[in-house]
file protein05.cif (mmCIF, C-alpha atoms)
data_coords
loop_
_atom_site.label_atom_id
_atom_site.label_comp_id
_atom_site.auth_asym_id
_atom_site.auth_seq_id
_atom_site.Cartn_x
_atom_site.Cartn_y
_atom_site.Cartn_z
CA MET A 1288 96.81 105.77 124.28
CA LYS A 1289 99.93 106.27 122.19
CA ILE A 1290 101.24 104.58 119.06
CA PRO A 1291 104.50 105.18 117.18
CA VAL A 1292 104.85 107.50 114.20
CA HIS A 1293 106.99 106.17 111.34
CA ASN A 1294 108.84 107.88 108.55
CA ILE A 1295 108.57 106.89 104.90
CA GLY A 1296 111.36 104.38 105.38
CA GLY A 1297 109.37 102.53 108.05
CA SER A 1298 111.43 103.57 111.10
CA ALA A 1299 109.72 104.84 114.26
CA VAL A 1300 110.60 108.52 114.80
CA ASP A 1301 107.97 109.73 117.28
CA GLU A 1302 104.79 108.89 119.19
CA ILE A 1303 101.29 110.25 118.84
CA GLU A 1304 98.38 110.38 121.27
CA LEU A 1305 95.13 108.89 119.98
CA ASP A 1306 91.57 109.79 120.89
CA GLU A 1307 90.43 106.80 122.96
CA SER A 1308 86.79 107.42 122.08
CA LEU A 1309 87.70 106.63 118.48
CA PHE A 1310 90.64 104.23 118.70
CA ASP A 1311 89.93 102.27 121.90
CA VAL A 1312 86.35 101.06 121.50
CA PRO A 1313 85.17 97.44 122.04
CA PHE A 1314 84.35 95.72 118.77
CA ARG A 1315 80.59 95.55 118.11
CA GLN A 1316 80.16 93.02 115.34
CA GLY A 1317 76.45 93.69 114.80
CA VAL A 1318 76.90 97.45 114.37
CA VAL A 1319 79.89 97.05 112.05
CA HIS A 1320 78.04 94.46 109.98
CA GLN A 1321 75.04 96.76 109.63
CA ALA A 1322 77.26 99.68 108.57
CA VAL A 1323 79.11 97.60 105.97
CA THR A 1324 75.86 96.15 104.63
CA ARG A 1325 74.41 99.65 104.34
CA LEU A 1326 77.42 100.97 102.43
CA LEU A 1327 77.35 98.02 100.02
CA ALA A 1328 73.59 98.37 99.50
CA ASN A 1329 73.89 102.10 98.82
CA ARG A 1330 76.34 101.34 96.02
CA ARG A 1331 73.73 99.35 94.11
CA GLN A 1332 72.18 101.14 91.16
CA GLY A 1333 68.91 99.22 91.32
CA THR A 1334 68.41 99.42 87.54
CA ALA A 1335 67.82 95.70 86.88
CA SER A 1336 64.56 95.37 84.96
CA THR A 1337 62.54 92.63 83.26
CA LYS A 1338 59.22 92.68 81.39
CA THR A 1339 56.09 90.90 82.51
CA ARG A 1340 53.70 89.25 80.07
CA GLY A 1341 51.82 92.53 79.93
CA GLU A 1342 54.89 94.44 78.77
CA VAL A 1343 56.56 92.21 76.16
CA SER A 1344 55.65 92.76 72.53
CA GLY A 1345 53.51 90.19 70.76
CA SER A 1346 49.96 89.29 69.84
CA THR A 1347 47.40 88.36 72.47
CA ARG A 1348 45.52 85.98 70.18
CA LYS A 1349 45.20 82.34 71.12
CA LEU A 1350 47.89 80.31 69.34
CA TYR A 1351 45.63 77.43 68.33
CA ALA A 1352 42.34 75.82 69.27
CA GLN A 1353 41.80 74.75 72.84
CA LYS A 1354 40.81 71.19 71.88
CA GLY A 1355 41.33 68.74 69.09
CA THR A 1356 45.02 69.24 68.36
CA GLY A 1357 46.39 66.70 70.83
CA ARG A 1358 48.80 69.31 72.13
CA ALA A 1359 48.89 71.11 75.46
CA ARG A 1360 46.54 74.07 75.59
CA ARG A 1361 48.14 77.43 74.88
CA GLY A 1362 46.98 80.98 75.17
CA SER A 1363 49.01 84.08 74.29
CA ILE A 1364 52.50 83.88 72.82
CA LYS A 1365 53.55 86.19 75.67
CA SER A 1366 53.07 83.41 78.23
CA PRO A 1367 56.01 83.04 80.64
CA LEU A 1368 56.18 79.37 79.67
CA LEU A 1369 57.24 80.22 76.11
CA ARG A 1370 60.56 81.49 74.83
CA GLY A 1371 60.38 85.27 74.45
CA GLY A 1372 57.46 85.53 76.83
CA GLY A 1373 57.16 87.58 79.98
CA ILE A 1374 59.14 87.02 83.18
CA VAL A 1375 57.38 85.94 86.36
CA PHE A 1376 58.45 87.82 89.51
CA GLY A 1377 61.47 89.34 87.76
CA PRO A 1378 63.40 92.35 89.09
CA SER A 1379 62.20 95.89 88.47
CA PRO A 1380 63.95 99.22 89.13
CA ARG A 1381 64.08 99.98 92.85
CA SER A 1382 66.16 101.75 95.46
CA TYR A 1383 68.36 99.68 97.78
CA ARG A 1384 69.36 102.61 99.98
CA GLN A 1385 69.43 102.03 103.73
CA ARG A 1386 69.45 104.57 106.53
CA MET A 1387 71.49 104.41 109.72
CA PRO A 1388 71.59 106.86 112.65
CA ARG A 1389 74.67 109.04 112.88
CA LYS A 1390 75.63 107.73 116.32
CA MET A 1391 75.55 104.16 115.02
CA ARG A 1392 77.66 105.14 112.00
CA ARG A 1393 80.17 106.81 114.30
CA LEU A 1394 80.25 103.76 116.59
CA ALA A 1395 80.82 101.40 113.65
CA PHE A 1396 83.66 103.58 112.32
CA ALA A 1397 85.25 103.77 115.79
CA CYS A 1398 84.95 99.98 116.18
CA ALA A 1399 86.68 99.45 112.82
CA LEU A 1400 89.55 101.82 113.66
CA SER A 1401 89.95 100.34 117.16
CA PHE A 1402 90.06 96.84 115.67
CA LYS A 1403 92.93 97.88 113.37
CA VAL A 1404 94.82 99.42 116.29
CA ARG A 1405 94.44 96.29 118.46
CA GLU A 1406 95.67 93.94 115.74
CA GLY A 1407 98.59 96.25 114.89
CA SER A 1408 97.37 97.04 111.38
CA LEU A 1409 97.27 100.83 111.80
CA TRP A 1410 100.48 102.61 110.77
CA VAL A 1411 100.94 106.34 111.27
CA VAL A 1412 103.48 108.13 109.06
CA ASP A 1413 104.65 111.70 109.42
CA ASP A 1414 103.91 112.77 105.83
CA PHE A 1415 104.59 112.09 102.17
CA GLY A 1416 106.96 114.75 100.91
CA TRP A 1417 107.48 113.45 97.39
CA ASP A 1418 108.02 115.93 94.58
CA VAL A 1419 107.62 113.50 91.68
CA PRO A 1420 105.56 110.31 91.31
CA ARG A 1421 107.61 107.20 92.02
CA THR A 1422 105.90 103.83 92.27
CA LYS A 1423 108.91 102.16 93.87
CA ASP A 1424 108.71 104.55 96.83
CA VAL A 1425 105.20 103.34 97.64
CA ALA A 1426 106.27 99.73 97.07
CA ALA A 1427 109.20 100.22 99.48
CA LEU A 1428 106.89 101.70 102.12
CA LEU A 1429 104.46 98.80 101.83
CA ALA A 1430 107.33 96.33 102.05
CA SER A 1431 108.53 97.97 105.27
CA ILE A 1432 105.16 97.51 107.04
CA GLY A 1433 104.93 93.81 106.21
CA LYS A 1434 103.09 91.59 103.76
CA ALA A 1435 99.50 92.66 103.05
CA SER A 1436 97.09 91.94 100.22
CA SER A 1437 95.39 95.33 100.48
CA VAL A 1438 96.56 98.64 101.94
CA LEU A 1439 94.52 101.79 102.49
CA ILE A 1440 96.50 105.05 102.53
CA VAL A 1441 94.61 107.92 104.17
CA VAL A 1442 95.67 111.51 103.51
CA PRO A 1443 94.11 114.81 104.68
CA GLU A 1444 93.51 116.19 101.19
CA THR A 1445 94.02 115.37 97.54
CA GLN A 1446 97.63 114.43 96.75
CA PRO A 1447 98.00 113.80 93.01
CA ILE A 1448 101.65 112.76 93.28
CA LEU A 1449 100.85 110.08 95.86
CA ALA A 1450 97.84 108.90 93.84
CA LEU A 1451 100.00 108.53 90.74
CA SER A 1452 102.68 106.74 92.72
CA ALA A 1453 100.23 104.22 94.21
CA ARG A 1454 97.95 103.50 91.28
CA ASN A 1455 100.23 100.81 89.81
CA VAL A 1456 100.79 99.08 93.16
CA GLN A 1457 98.45 96.12 93.46
CA GLY A 1458 96.15 96.36 96.46
CA ALA A 1459 97.03 99.98 97.32
CA THR A 1460 94.23 102.55 97.60
CA VAL A 1461 94.45 106.25 98.46
CA ARG A 1462 91.53 107.96 100.25
CA GLN A 1463 90.96 111.37 101.75
CA SER A 1464 90.26 111.39 105.49
CA ALA A 1465 86.92 113.16 104.98
CA VAL A 1466 85.50 110.34 102.83
CA VAL A 1467 87.07 107.21 104.31
CA SER A 1468 84.38 104.79 105.52
CA THR A 1469 83.90 101.74 107.70
CA LEU A 1470 83.85 99.60 104.56
CA ASP A 1471 87.24 100.98 103.45
CA VAL A 1472 88.77 100.21 106.84
CA MET A 1473 87.31 96.72 107.23
CA THR A 1474 88.22 95.58 103.71
CA SER A 1475 91.88 96.62 104.03
CA ASP A 1476 94.55 94.46 105.64
CA ARG A 1477 96.69 97.47 106.57
CA LEU A 1478 95.86 101.11 107.22
CA ILE A 1479 98.47 103.82 106.65
CA VAL A 1480 97.43 107.24 107.97
CA THR A 1481 99.40 110.47 107.93
CA VAL A 1482 99.47 112.57 111.09
CA PRO A 1483 97.40 115.42 109.54
CA ALA A 1484 94.85 112.89 108.25
CA LEU A 1485 94.64 111.29 111.69
CA ARG A 1486 93.92 114.63 113.33
CA LYS A 1487 91.28 115.38 110.72
CA ILE A 1488 89.57 112.05 111.38
CA GLU A 1489 89.53 112.84 115.10
CA GLU A 1490 88.13 116.27 114.31
CA ILE A 1491 85.28 114.82 112.26
CA TRP A 1492 84.44 111.67 114.24
CA GLY A 1493 86.10 112.07 117.65
CA SER A 1494 84.76 112.68 121.16
CA LYS A 1495 84.79 116.46 120.76
CA VAL A 1496 82.25 116.21 117.95
CA SER A 1497 80.01 113.79 119.85
CA SER A 1498 80.03 115.97 122.98
CA ASP A 1499 79.10 119.03 120.93
CA GLU A 1500 76.20 117.16 119.34
CA SER A 1501 74.82 116.02 122.70
CA ALA A 1502 74.94 119.53 124.18
#

call {"tool": "encode", "arguments": {"input": "protein05.cif", "output": "structure tokens"}}
result
Amino acid sequence: MKIPVHNIGGSAVDEIELDESLFDVPFRQGVVHQAVTRLLANRRQGTASTKTRGEVSGSTRKLYAQKGTGRARRGSIKSPLLRGGGIVFGPSPRSYRQRMPRKMRRLAFACALSFKVREGSLWVVDDFGWDVPRTKDVAALLASIGKASSVLIVVPETQPILALSARNVQGATVRQSAVVSTLDVMTSDRLIVTVPALRKIEEIWGSKVSSDESA
């Protein structure tokens, strides 16, 4: 399948052939949901911690006599019923990391990219040849592709000038092709990919890689 290649001004200047094993895959909602859930879970630090009644500081003596006071019976001041006491079933440090087979991760990523292609949200540009950072150049490019609340710009390698140009544009994010994920693709309204970045994505995730792995 082919899609047009645009210049920085937004005009179509060429066409590019896409790897159908990566950009023409039926959408599998369950696999994509699992991949996104995994990526969100792996971001969690898991450092939330509370103290039980055995860990809070305080005396273990009985507060007052069991009978004769007319009040409810009380034991230690560290009781969860009292202010400053322990927490019942509170969180403790843990790992939220989830595992997912590589083939499922590849399928989820291919489903996300294919979804963007089908809805017309994937834009391929030839390259960014800027010599100095200019925010209005990025703003003009985003205006040419249509209204979008969030835009993901994928480049083959680190481009400081582009990063500086896009950092003050609301909703614009720059990612390298080697680290872009299913979560990045699914949470962006528009996807702008340079030709070199597109080829690198196909090199990492495309059919050639999967056939080599199965051999």

call {"tool": "resolve_selection", "arguments": {"input": "protein05.cif", "expression": "the PyMOL selection byres ((chain A and resi 1453-1460) around 8)", "output": "PyMOL selection string"}}
result
chain A and resi 1422+1425-1426+1436-1440+1449-1452+1461-1462

call {"tool": "atom_distance", "arguments": {"input": "protein05.cif", "atom1": "CA of Ile1290 in chain A", "atom2": "CA of Ser1431 in chain A"}}
result
16.9 Å

call {"tool": "atom_distance", "arguments": {"input": "protein05.cif", "atom1": "CA of Val1375 in chain A", "atom2": "CA of Thr1337 in chain A"}}
result
9.0 Å

call {"tool": "resolve_selection", "arguments": {"input": "protein05.cif", "expression": "the PyMOL selection byres ((chain A and resi 1341) around 12)", "output": "mmCIF file with C-alpha atoms, in the frame of the given file"}}
result
data_model
loop_
_atom_site.group_PDB
_atom_site.id
_atom_site.type_symbol
_atom_site.label_atom_id
_atom_site.label_comp_id
_atom_site.auth_asym_id
_atom_site.auth_seq_id
_atom_site.Cartn_x
_atom_site.Cartn_y
_atom_site.Cartn_z
ATOM 1 C CA THR A 1337 62.540 92.630 83.260
ATOM 2 C CA LYS A 1338 59.220 92.680 81.390
ATOM 3 C CA THR A 1339 56.090 90.900 82.510
ATOM 4 C CA ARG A 1340 53.700 89.250 80.070
ATOM 5 C CA GLU A 1342 54.890 94.440 78.770
ATOM 6 C CA VAL A 1343 56.560 92.210 76.160
ATOM 7 C CA SER A 1344 55.650 92.760 72.530
ATOM 8 C CA GLY A 1345 53.510 90.190 70.760
ATOM 9 C CA SER A 1346 49.960 89.290 69.840
ATOM 10 C CA THR A 1347 47.400 88.360 72.470
ATOM 11 C CA SER A 1363 49.010 84.080 74.290
ATOM 12 C CA ILE A 1364 52.500 83.880 72.820
ATOM 13 C CA LYS A 1365 53.550 86.190 75.670
ATOM 14 C CA SER A 1366 53.070 83.410 78.230
ATOM 15 C CA PRO A 1367 56.010 83.040 80.640
ATOM 16 C CA GLY A 1372 57.460 85.530 76.830
ATOM 17 C CA GLY A 1373 57.160 87.580 79.980
ATOM 18 C CA ILE A 1374 59.140 87.020 83.180
ATOM 19 C CA VAL A 1375 57.380 85.940 86.360
#

call {"tool": "closest_residue", "arguments": {"input": "protein05.cif", "among": "A:Ser1382, A:Ser1336, A:Thr1481, A:Thr1474", "to": "Val1442 in chain A", "atoms": "only C-alpha atoms"}}
result
A:Thr1481

call {"tool": "residues_around", "arguments": {"input": "protein05.cif", "residues": "Lys1289 in chain A", "least_positions_apart": "6", "cutoff": "9 Å", "atoms": "only C-alpha atoms", "output": "VMD selection string"}}
result
chain A and resid 1302 to 1305

call {"tool": "atom_distance", "arguments": {"input": "protein05.cif", "atom1": "CA of Pro1291 in chain A", "atom2": "CA of Val1482 in chain A"}}
result
10.8 Å

call {"tool": "closest_residue", "arguments": {"input": "protein05.cif", "among": "A:Arg1405, A:Lys1354, A:Arg1486, A:Arg1384", "to": "Ser1464 in chain A", "atoms": "all atoms listed in the file"}}
result
A:Arg1486

call {"tool": "residues_around", "arguments": {"input": "protein05.cif", "residues": "range 1409-1415 of chain A", "least_positions_apart": "2", "cutoff": "10 Å", "atoms": "all atoms listed in the file", "output": "PyMOL selection string"}}
result
chain A and resi 1290-1303+1400-1407+1417-1418+1425+1432+1439-1442+1446+1448-1449+1472+1476-1485

call {"tool": "closest_residue", "arguments": {"input": "protein05.cif", "among": "A:Leu1309, A:Lys1423, A:Val1318, A:Glu1489", "to": "Met1391 in chain A", "atoms": "all atoms listed in the file"}}
result
A:Val1318

call {"tool": "resolve_selection", "arguments": {"input": "protein05.cif", "expression": "the PyMOL selection byres ((chain A and resi 1398) around 7)", "output": "PyMOL selection string"}}
result
chain A and resi 1312-1315+1394-1397+1399-1402

call {"tool": "closest_residue", "arguments": {"input": "protein05.cif", "among": "A:Ser1408, A:Gln1463, A:Ser1308, A:Gln1385", "to": "Ala1322 in chain A", "atoms": "only C-alpha atoms"}}
result
A:Gln1385

call {"tool": "axis_aligned_box", "arguments": {"input": "protein05.cif", "around": "range 1300-1316 of chain A", "padding_each_side": "4 Å", "output": "lines of an AutoDock Vina configuration file"}}
result
center_x = 95.4
center_y = 101.7
center_z = 118.9
size_x = 38.4
size_y = 25.4
size_z = 16.2

call {"tool": "residues_around", "arguments": {"input": "protein05.cif", "residues": "Arg1330 in chain A", "least_positions_apart": "2", "cutoff": "12 Å", "atoms": "only C-alpha atoms", "output": "ChimeraX atom specification"}}
result
/A:1323-1328,1332-1334,1382-1385,1470

call {"tool": "build_atoms", "arguments": {"input": "protein05.cif", "residues": "range 1439-1457 of chain A", "atoms": "N, CA and C atoms", "output": "PDB file, keeping the file's coordinate frame"}}
result
ATOM      1  N   LEU A1439      95.240 100.533 102.645  1.00  0.00           N
ATOM      2  CA  LEU A1439      94.520 101.790 102.490  1.00  0.00           C
ATOM      3  C   LEU A1439      95.385 102.930 103.011  1.00  0.00           C
ATOM      4  N   ILE A1440      95.697 103.893 102.153  1.00  0.00           N
ATOM      5  CA  ILE A1440      96.500 105.050 102.530  1.00  0.00           C
ATOM      6  C   ILE A1440      95.563 106.236 102.687  1.00  0.00           C
ATOM      7  N   VAL A1441      95.523 106.811 103.878  1.00  0.00           N
ATOM      8  CA  VAL A1441      94.610 107.920 104.170  1.00  0.00           C
ATOM      9  C   VAL A1441      95.412 109.202 104.289  1.00  0.00           C
ATOM     10  N   VAL A1442      95.002 110.211 103.519  1.00  0.00           N
ATOM     11  CA  VAL A1442      95.670 111.510 103.510  1.00  0.00           C
ATOM     12  C   VAL A1442      94.642 112.596 103.820  1.00  0.00           C
ATOM     13  N   PRO A1443      95.082 113.766 104.290  1.00  0.00           N
ATOM     14  CA  PRO A1443      94.110 114.810 104.680  1.00  0.00           C
ATOM     15  C   PRO A1443      93.419 115.467 103.508  1.00  0.00           C
ATOM     16  N   GLU A1444      94.077 115.540 102.375  1.00  0.00           N
ATOM     17  CA  GLU A1444      93.510 116.190 101.190  1.00  0.00           C
ATOM     18  C   GLU A1444      94.063 115.540  99.942  1.00  0.00           C
ATOM     19  N   THR A1445      93.589 115.968  98.797  1.00  0.00           N
ATOM     20  CA  THR A1445      94.020 115.370  97.540  1.00  0.00           C
ATOM     21  C   THR A1445      95.525 115.537  97.342  1.00  0.00           C
ATOM     22  N   GLN A1446      96.187 114.431  97.033  1.00  0.00           N
ATOM     23  CA  GLN A1446      97.630 114.430  96.750  1.00  0.00           C
ATOM     24  C   GLN A1446      97.863 113.704  95.438  1.00  0.00           C
ATOM     25  N   PRO A1447      97.864 114.435  94.325  1.00  0.00           N
ATOM     26  CA  PRO A1447      98.000 113.800  93.010  1.00  0.00           C
ATOM     27  C   PRO A1447      99.280 112.988  92.858  1.00  0.00           C
ATOM     28  N   ILE A1448     100.374 113.479  93.432  1.00  0.00           N
ATOM     29  CA  ILE A1448     101.650 112.760  93.280  1.00  0.00           C
ATOM     30  C   ILE A1448     101.575 111.402  93.967  1.00  0.00           C
ATOM     31  N   LEU A1449     101.002 111.354  95.162  1.00  0.00           N
ATOM     32  CA  LEU A1449     100.850 110.080  95.860  1.00  0.00           C
ATOM     33  C   LEU A1449      99.897 109.157  95.118  1.00  0.00           C
ATOM     34  N   ALA A1450      98.812 109.712  94.587  1.00  0.00           N
ATOM     35  CA  ALA A1450      97.840 108.900  93.840  1.00  0.00           C
ATOM     36  C   ALA A1450      98.480 108.283  92.608  1.00  0.00           C
ATOM     37  N   LEU A1451      99.302 109.060  91.911  1.00  0.00           N
ATOM     38  CA  LEU A1451     100.000 108.530  90.740  1.00  0.00           C
ATOM     39  C   LEU A1451     101.027 107.485  91.139  1.00  0.00           C
ATOM     40  N   SER A1452     101.660 107.682  92.269  1.00  0.00           N
ATOM     41  CA  SER A1452     102.680 106.740  92.720  1.00  0.00           C
ATOM     42  C   SER A1452     102.074 105.407  93.139  1.00  0.00           C
ATOM     43  N   ALA A1453     100.841 105.427  93.661  1.00  0.00           N
ATOM     44  CA  ALA A1453     100.230 104.220  94.210  1.00  0.00           C
ATOM     45  C   ALA A1453      99.315 103.491  93.246  1.00  0.00           C
ATOM     46  N   ARG A1454      98.981 104.104  92.134  1.00  0.00           N
ATOM     47  CA  ARG A1454      97.950 103.500  91.280  1.00  0.00           C
ATOM     48  C   ARG A1454      98.415 102.218  90.594  1.00  0.00           C
ATOM     49  N   ASN A1455      99.729 102.029  90.427  1.00  0.00           N
ATOM     50  CA  ASN A1455     100.230 100.810  89.810  1.00  0.00           C
ATOM     51  C   ASN A1455     100.668  99.769  90.827  1.00  0.00           C
ATOM     52  N   VAL A1456     100.457 100.043  92.110  1.00  0.00           N
ATOM     53  CA  VAL A1456     100.790  99.080  93.160  1.00  0.00           C
ATOM     54  C   VAL A1456      99.543  98.269  93.465  1.00  0.00           C
ATOM     55  N   GLN A1457      99.619  96.979  93.260  1.00  0.00           N
ATOM     56  CA  GLN A1457      98.450  96.120  93.460  1.00  0.00           C
ATOM     57  C   GLN A1457      98.002  96.128  94.911  1.00  0.00           C
TER      58      GLN A1457
END
